[in-house]
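Scroll down for the structure; my scribbles are underneath it.
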Amino acid sequence: MIKYQFFPRSRGITDEMKQIINCFVSVNEEISSDNNDLVSNAVLALLRPHLENISFVVEKGKSKESKIDVPVLFGVDNRIDKSFYADALSNDGRIVIEVEAGQATENHRFLKDIFEACMMFEVEYLVLAVRNWYRTHDDFQRVYNFLETLYISNRIHLPLKGILLIGY
């Protein structure tokens with residue numbers, strides 16, 4: 001079952017976010033962590049046609065040419081000095097999507113995704129997709145609790161307009 005929560009919770013989801021959620025809903029049976037044990041690339045492959053239909057560029061593989069480079073730092077003559085890879089990026093560059101599987105909370109991969117999205121040029125929203133269940137724990141709830149604490153404590157201010165957490 002697809003679960004989602006937008007942060008900060010004081011804002012509702014946008015139409016763009018609803019379209020992204022619908023992409024996950026459309027492949028729920030194939031990706032649900034209740035019945036499947038897919039790696040993140042397999043989940044992304046199933047999502048790809050749906051995300052492309054709503055104008056996202058989606059990573060097609062692990063080769064440099066297949067990855068999506070999002071600029072972070074610019075140098076002389078506006079050359080890109082540093083960039084991070086994204087799993088998917090909206091055509092306007094405002095929304096980045098990261099799909100995680102087993103490493104989401106085990107290695108705190110979700111924190112790296114948040115950091116990188118915050119550094120990416122012109123990115124306003126992060127969509128972070130994690131498994132509902134991994135081994136014996138609820139990754140969605142673990143990341144939810146972290147984001148809830150982050151936003152409620154108000155001690156760190158992210159440059160993003162929001163983070164959409166999706167559990168699959």
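Labels for the structure tokens follow display order: chains A, B, ..., residues from 1 in each chain, ligands from 1.
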
Could you go through stretch 33-118 of chain A and tell me which residues DSSP, when run on the backbone, assigns to helix (DSSP H, G or I), listing them as number ranges by chain? A: 40-53, 64-66, 76-78, 103-106, 109-118

Only N, CA and C atoms, please: the residues just picked out, written as an mmCIF file, in the first residue's frame.
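Output file selection-v7.cif follows:
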```
data_model
loop_
_atom_site.group_PDB
_atom_site.id
_atom_site.type_symbol
_atom_site.label_atom_id
_atom_site.label_comp_id
_atom_site.auth_asym_id
_atom_site.auth_seq_id
_atom_site.Cartn_x
_atom_site.Cartn_y
_atom_site.Cartn_z
ATOM 1 N N SER A 40 16.238 -0.693 -5.457
ATOM 2 C CA SER A 40 15.728 0.615 -5.868
ATOM 3 C C SER A 40 15.714 0.799 -7.388
ATOM 4 N N ASN A 41 16.710 0.259 -8.080
ATOM 5 C CA ASN A 41 16.741 0.400 -9.547
ATOM 6 C C ASN A 41 15.571 -0.328 -10.206
ATOM 7 N N ALA A 42 15.148 -1.435 -9.641
ATOM 8 C CA ALA A 42 13.994 -2.165 -10.188
ATOM 9 C C ALA A 42 12.712 -1.379 -9.959
ATOM 10 N N VAL A 43 12.584 -0.752 -8.801
ATOM 11 C CA VAL A 43 11.422 0.095 -8.519
ATOM 12 C C VAL A 43 11.400 1.264 -9.481
ATOM 13 N N LEU A 44 12.558 1.897 -9.667
ATOM 14 C CA LEU A 44 12.654 3.040 -10.572
ATOM 15 C C LEU A 44 12.311 2.644 -12.008
ATOM 16 N N ALA A 45 12.732 1.469 -12.431
ATOM 17 C CA ALA A 45 12.427 0.993 -13.785
ATOM 18 C C ALA A 45 10.923 0.837 -13.995
ATOM 19 N N LEU A 46 10.213 0.361 -12.978
ATOM 20 C CA LEU A 46 8.757 0.224 -13.085
ATOM 21 C C LEU A 46 8.060 1.587 -13.082
ATOM 22 N N LEU A 47 8.640 2.543 -12.371
ATOM 23 C CA LEU A 47 8.069 3.893 -12.307
ATOM 24 C C LEU A 47 8.367 4.731 -13.557
ATOM 25 N N ARG A 48 9.485 4.417 -14.231
ATOM 26 C CA ARG A 48 9.984 5.244 -15.325
ATOM 27 C C ARG A 48 8.915 5.682 -16.337
ATOM 28 N N PRO A 49 8.144 4.766 -16.950
ATOM 29 C CA PRO A 49 7.185 5.237 -17.967
ATOM 30 C C PRO A 49 6.136 6.186 -17.393
ATOM 31 N N HIS A 50 5.739 5.964 -16.161
ATOM 32 C CA HIS A 50 4.719 6.820 -15.537
ATOM 33 C C HIS A 50 5.290 8.206 -15.231
ATOM 34 N N LEU A 51 6.523 8.238 -14.733
ATOM 35 C CA LEU A 51 7.161 9.526 -14.443
ATOM 36 C C LEU A 51 7.467 10.287 -15.738
ATOM 37 N N GLU A 52 7.893 9.568 -16.753
ATOM 38 C CA GLU A 52 8.165 10.233 -18.036
ATOM 39 C C GLU A 52 6.885 10.827 -18.617
ATOM 40 N N ASN A 53 5.746 10.186 -18.374
ATOM 41 C CA ASN A 53 4.462 10.719 -18.856
ATOM 42 C C ASN A 53 4.093 12.041 -18.202
ATOM 43 N N LYS A 64 27.613 6.640 -16.723
ATOM 44 C CA LYS A 64 27.614 8.099 -16.591
ATOM 45 C C LYS A 64 26.597 8.751 -17.531
ATOM 46 N N GLU A 65 26.460 8.210 -18.738
ATOM 47 C CA GLU A 65 25.528 8.768 -19.721
ATOM 48 C C GLU A 65 24.065 8.540 -19.332
ATOM 49 N N SER A 66 23.811 7.519 -18.514
ATOM 50 C CA SER A 66 22.450 7.174 -18.120
ATOM 51 C C SER A 66 21.984 7.899 -16.863
ATOM 52 N N VAL A 76 34.525 28.930 -13.130
ATOM 53 C CA VAL A 76 34.856 29.913 -14.152
ATOM 54 C C VAL A 76 34.080 29.616 -15.428
ATOM 55 N N ASP A 77 33.572 30.661 -16.042
ATOM 56 C CA ASP A 77 32.791 30.563 -17.275
ATOM 57 C C ASP A 77 31.542 29.706 -17.104
ATOM 58 N N ASN A 78 31.036 29.669 -15.870
ATOM 59 C CA ASN A 78 29.803 28.961 -15.531
ATOM 60 C C ASN A 78 29.885 27.451 -15.765
ATOM 61 N N GLN A 103 18.765 0.374 1.883
ATOM 62 C CA GLN A 103 19.725 1.254 2.543
ATOM 63 C C GLN A 103 19.109 2.552 3.060
ATOM 64 N N ALA A 104 17.832 2.727 2.892
ATOM 65 C CA ALA A 104 17.193 3.999 3.272
ATOM 66 C C ALA A 104 17.476 4.381 4.712
ATOM 67 N N THR A 105 17.239 3.461 5.636
ATOM 68 C CA THR A 105 17.496 3.773 7.040
ATOM 69 C C THR A 105 18.692 3.004 7.590
ATOM 70 N N GLU A 106 19.007 1.842 7.032
ATOM 71 C CA GLU A 106 20.134 1.053 7.521
ATOM 72 C C GLU A 106 21.427 1.871 7.493
ATOM 73 N N ARG A 109 20.739 6.520 4.324
ATOM 74 C CA ARG A 109 20.812 7.030 2.958
ATOM 75 C C ARG A 109 19.848 8.204 2.756
ATOM 76 N N PHE A 110 18.711 8.179 3.458
ATOM 77 C CA PHE A 110 17.735 9.254 3.312
ATOM 78 C C PHE A 110 18.327 10.595 3.728
ATOM 79 N N LEU A 111 19.251 10.597 4.689
ATOM 80 C CA LEU A 111 19.896 11.850 5.103
ATOM 81 C C LEU A 111 20.786 12.403 3.991
ATOM 82 N N LYS A 112 21.492 11.508 3.316
ATOM 83 C CA LYS A 112 22.316 11.919 2.178
ATOM 84 C C LYS A 112 21.430 12.499 1.073
ATOM 85 N N ASP A 113 20.287 11.869 0.834
ATOM 86 C CA ASP A 113 19.362 12.371 -0.190
ATOM 87 C C ASP A 113 18.860 13.770 0.157
ATOM 88 N N ILE A 114 18.547 14.001 1.423
ATOM 89 C CA ILE A 114 18.072 15.324 1.854
ATOM 90 C C ILE A 114 19.184 16.349 1.672
ATOM 91 N N PHE A 115 20.379 16.019 2.138
ATOM 92 C CA PHE A 115 21.505 16.938 1.994
ATOM 93 C C PHE A 115 21.740 17.290 0.527
ATOM 94 N N GLU A 116 21.823 16.282 -0.333
ATOM 95 C CA GLU A 116 22.110 16.530 -1.745
ATOM 96 C C GLU A 116 21.015 17.359 -2.406
ATOM 97 N N ALA A 117 19.760 17.079 -2.099
ATOM 98 C CA ALA A 117 18.664 17.876 -2.676
ATOM 99 C C ALA A 117 18.777 19.336 -2.248
ATOM 100 N N CYS A 118 19.184 19.564 -1.008
ATOM 101 C CA CYS A 118 19.342 20.932 -0.515
ATOM 102 C C CYS A 118 20.455 21.680 -1.241
#
```

Give me the residues near stretch 6-23 of chain A as a PyMOL selection string, where near means some atom within 9 Å (using only C-alpha atoms) and where sequence neighbours in that chain fewer than 6 positions away do not count. chain A and resi 47-51+54+127+147-148+151-152+161-166

Selected residues written out, C-alpha atoms, as a CSV table (one decimal), in the first residue's frame:
```csv
chain,number,residue,atom,x,y,z
A,47,LEU,CA,8.1,3.9,-12.3
A,48,ARG,CA,10.0,5.2,-15.3
A,49,PRO,CA,7.2,5.2,-18.0
A,50,HIS,CA,4.7,6.8,-15.5
A,51,LEU,CA,7.2,9.5,-14.4
A,54,ILE,CA,4.4,13.6,-16.4
A,127,VAL,CA,10.4,13.3,-3.2
A,147,LEU,CA,11.3,14.5,9.3
A,148,GLU,CA,8.6,15.3,11.8
A,151,TYR,CA,10.3,20.3,11.0
A,152,ILE,CA,8.7,20.6,14.4
A,161,LYS,CA,9.9,24.3,-0.1
A,162,GLY,CA,9.0,20.8,1.0
A,163,ILE,CA,9.7,17.0,1.1
A,164,LEU,CA,7.2,14.4,0.0
A,165,LEU,CA,7.8,11.1,1.7
A,166,ILE,CA,6.4,8.1,0.0
```

Taking the DSSP assignment computed from this structure's backbone, write out as a tab-separated table (two decimals) with N, CA and C atoms, in the first residue's frame all residues of chain A that belong to strand (DSSP E).
```
chain	number	residue	atom	x	y	z
A	3	LYS	N	1.83	4.84	0.96
A	3	LYS	CA	1.56	5.84	2.00
A	3	LYS	C	2.36	7.08	1.63
A	4	TYR	N	1.88	8.24	2.05
A	4	TYR	CA	2.68	9.45	1.81
A	4	TYR	C	2.37	10.51	2.85
A	5	GLN	N	3.36	11.39	3.02
A	5	GLN	CA	3.21	12.54	3.90
A	5	GLN	C	4.07	13.66	3.34
A	6	PHE	N	3.49	14.84	3.25
A	6	PHE	CA	4.24	16.01	2.81
A	6	PHE	C	4.71	16.79	4.04
A	7	PHE	N	5.95	17.24	3.98
A	7	PHE	CA	6.52	18.08	5.02
A	7	PHE	C	6.94	19.40	4.40
A	56	PHE	N	9.06	13.96	-16.39
A	56	PHE	CA	10.27	13.77	-15.60
A	56	PHE	C	11.30	13.06	-16.46
A	57	VAL	N	12.56	13.40	-16.24
A	57	VAL	CA	13.67	12.67	-16.81
A	57	VAL	C	14.07	11.66	-15.75
A	58	VAL	N	14.22	10.39	-16.15
A	58	VAL	CA	14.46	9.32	-15.19
A	58	VAL	C	15.75	8.60	-15.53
A	68	ILE	N	21.49	11.19	-14.16
A	68	ILE	CA	20.99	12.57	-14.25
A	68	ILE	C	21.85	13.44	-13.34
A	69	ASP	N	22.65	14.29	-13.94
A	69	ASP	CA	23.52	15.22	-13.23
A	69	ASP	C	22.75	16.48	-12.88
A	70	VAL	N	22.74	16.86	-11.62
A	70	VAL	CA	22.11	18.10	-11.20
A	70	VAL	C	23.21	19.00	-10.64
A	71	PRO	N	23.40	20.19	-11.21
A	71	PRO	CA	24.49	21.07	-10.77
A	71	PRO	C	24.37	21.47	-9.30
A	72	VAL	N	25.56	21.62	-8.68
A	72	VAL	CA	25.64	22.07	-7.30
A	72	VAL	C	26.53	23.32	-7.21
A	73	LEU	N	27.71	23.27	-7.82
A	73	LEU	CA	28.63	24.40	-7.81
A	73	LEU	C	29.05	24.76	-9.23
A	74	PHE	N	29.24	26.05	-9.45
A	74	PHE	CA	29.67	26.54	-10.76
A	74	PHE	C	31.02	27.22	-10.63
A	80	ILE	N	30.25	23.66	-14.70
A	80	ILE	CA	29.81	22.95	-13.50
A	80	ILE	C	31.03	22.31	-12.84
A	81	ASP	N	31.30	22.73	-11.60
A	81	ASP	CA	32.41	22.19	-10.83
A	81	ASP	C	31.99	20.98	-9.99
A	82	LYS	N	30.74	20.97	-9.56
A	82	LYS	CA	30.25	19.88	-8.70
A	82	LYS	C	28.80	19.63	-9.04
A	83	SER	N	28.45	18.35	-9.09
A	83	SER	CA	27.05	17.99	-9.31
A	83	SER	C	26.76	16.72	-8.51
A	84	PHE	N	25.48	16.47	-8.28
A	84	PHE	CA	25.03	15.24	-7.65
A	84	PHE	C	24.09	14.55	-8.62
A	85	TYR	N	23.98	13.24	-8.49
A	85	TYR	CA	23.07	12.47	-9.33
A	85	TYR	C	21.70	12.39	-8.69
A	86	ALA	N	20.67	12.38	-9.53
A	86	ALA	CA	19.29	12.22	-9.08
A	86	ALA	C	18.70	11.00	-9.77
A	88	ALA	N	15.43	10.88	-10.53
A	88	ALA	CA	14.52	11.50	-11.50
A	88	ALA	C	14.48	13.00	-11.20
A	89	LEU	N	14.21	13.77	-12.26
A	89	LEU	CA	14.18	15.22	-12.15
A	89	LEU	C	13.09	15.76	-13.05
A	90	SER	N	12.30	16.68	-12.52
A	90	SER	CA	11.26	17.30	-13.36
A	90	SER	C	11.93	18.11	-14.46
A	95	ILE	N	11.87	19.68	-9.06
A	95	ILE	CA	11.53	18.52	-8.22
A	95	ILE	C	12.51	17.39	-8.51
A	96	VAL	N	13.14	16.91	-7.45
A	96	VAL	CA	14.04	15.77	-7.57
A	96	VAL	C	13.40	14.59	-6.83
A	97	ILE	N	13.53	13.41	-7.43
A	97	ILE	CA	12.99	12.19	-6.83
A	97	ILE	C	14.14	11.24	-6.54
A	98	GLU	N	14.14	10.70	-5.31
A	98	GLU	CA	15.10	9.68	-4.91
A	98	GLU	C	14.33	8.46	-4.44
A	99	VAL	N	14.64	7.31	-5.01
A	99	VAL	CA	13.99	6.06	-4.64
A	99	VAL	C	15.02	5.20	-3.90
A	125	TYR	N	11.83	20.97	-4.33
A	125	TYR	CA	11.14	19.88	-3.65
A	125	TYR	C	11.93	18.60	-3.80
A	126	LEU	N	11.92	17.80	-2.73
A	126	LEU	CA	12.47	16.45	-2.77
A	126	LEU	C	11.32	15.47	-2.57
A	127	VAL	N	11.26	14.47	-3.42
A	127	VAL	CA	10.36	13.35	-3.22
A	127	VAL	C	11.25	12.18	-2.84
A	128	LEU	N	11.04	11.67	-1.65
A	128	LEU	CA	11.85	10.60	-1.11
A	128	LEU	C	10.98	9.37	-0.94
A	129	ALA	N	11.27	8.34	-1.72
A	129	ALA	CA	10.49	7.10	-1.67
A	129	ALA	C	11.29	6.02	-0.96
A	130	VAL	N	10.68	5.42	0.05
A	130	VAL	CA	11.32	4.36	0.83
A	130	VAL	C	10.35	3.19	0.98
A	162	GLY	N	9.62	21.89	0.35
A	162	GLY	CA	9.00	20.76	1.00
A	162	GLY	C	9.61	19.43	0.59
A	163	ILE	N	9.29	18.42	1.39
A	163	ILE	CA	9.72	17.04	1.13
A	163	ILE	C	8.48	16.17	1.15
A	164	LEU	N	8.30	15.42	0.07
A	164	LEU	CA	7.22	14.44	0.00
A	164	LEU	C	7.83	13.08	0.29
A	165	LEU	N	7.40	12.47	1.39
A	165	LEU	CA	7.84	11.13	1.74
A	165	LEU	C	6.80	10.14	1.24
A	166	ILE	N	7.26	9.16	0.47
A	166	ILE	CA	6.36	8.12	-0.05
A	166	ILE	C	6.85	6.77	0.45
A	167	GLY	N	5.93	5.99	0.99
A	167	GLY	CA	6.25	4.62	1.40
A	167	GLY	C	5.61	3.67	0.41
```

Taking only C-alpha atoms into account, which of A:Trp133, A:Asn91, A:Arg155, A:Ile2 comes nearest A:Val25? A:Ile2

Quote the spacing between atom CA of A:Glu100 and atom CA of A:Ile156 in Å to one decimal place.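 According to the coordinates, atom CA of A:Glu100 and atom CA of A:Ile156 are separated by 23.5 Å.
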
Excluding A:Ser32 and any residue of its chain fewer than 6 positions from it, enumerate the residues within 8 Å of it, using only C-alpha atoms, and give them as a ChimeraX atom specification. /A:1-2,131-132,168
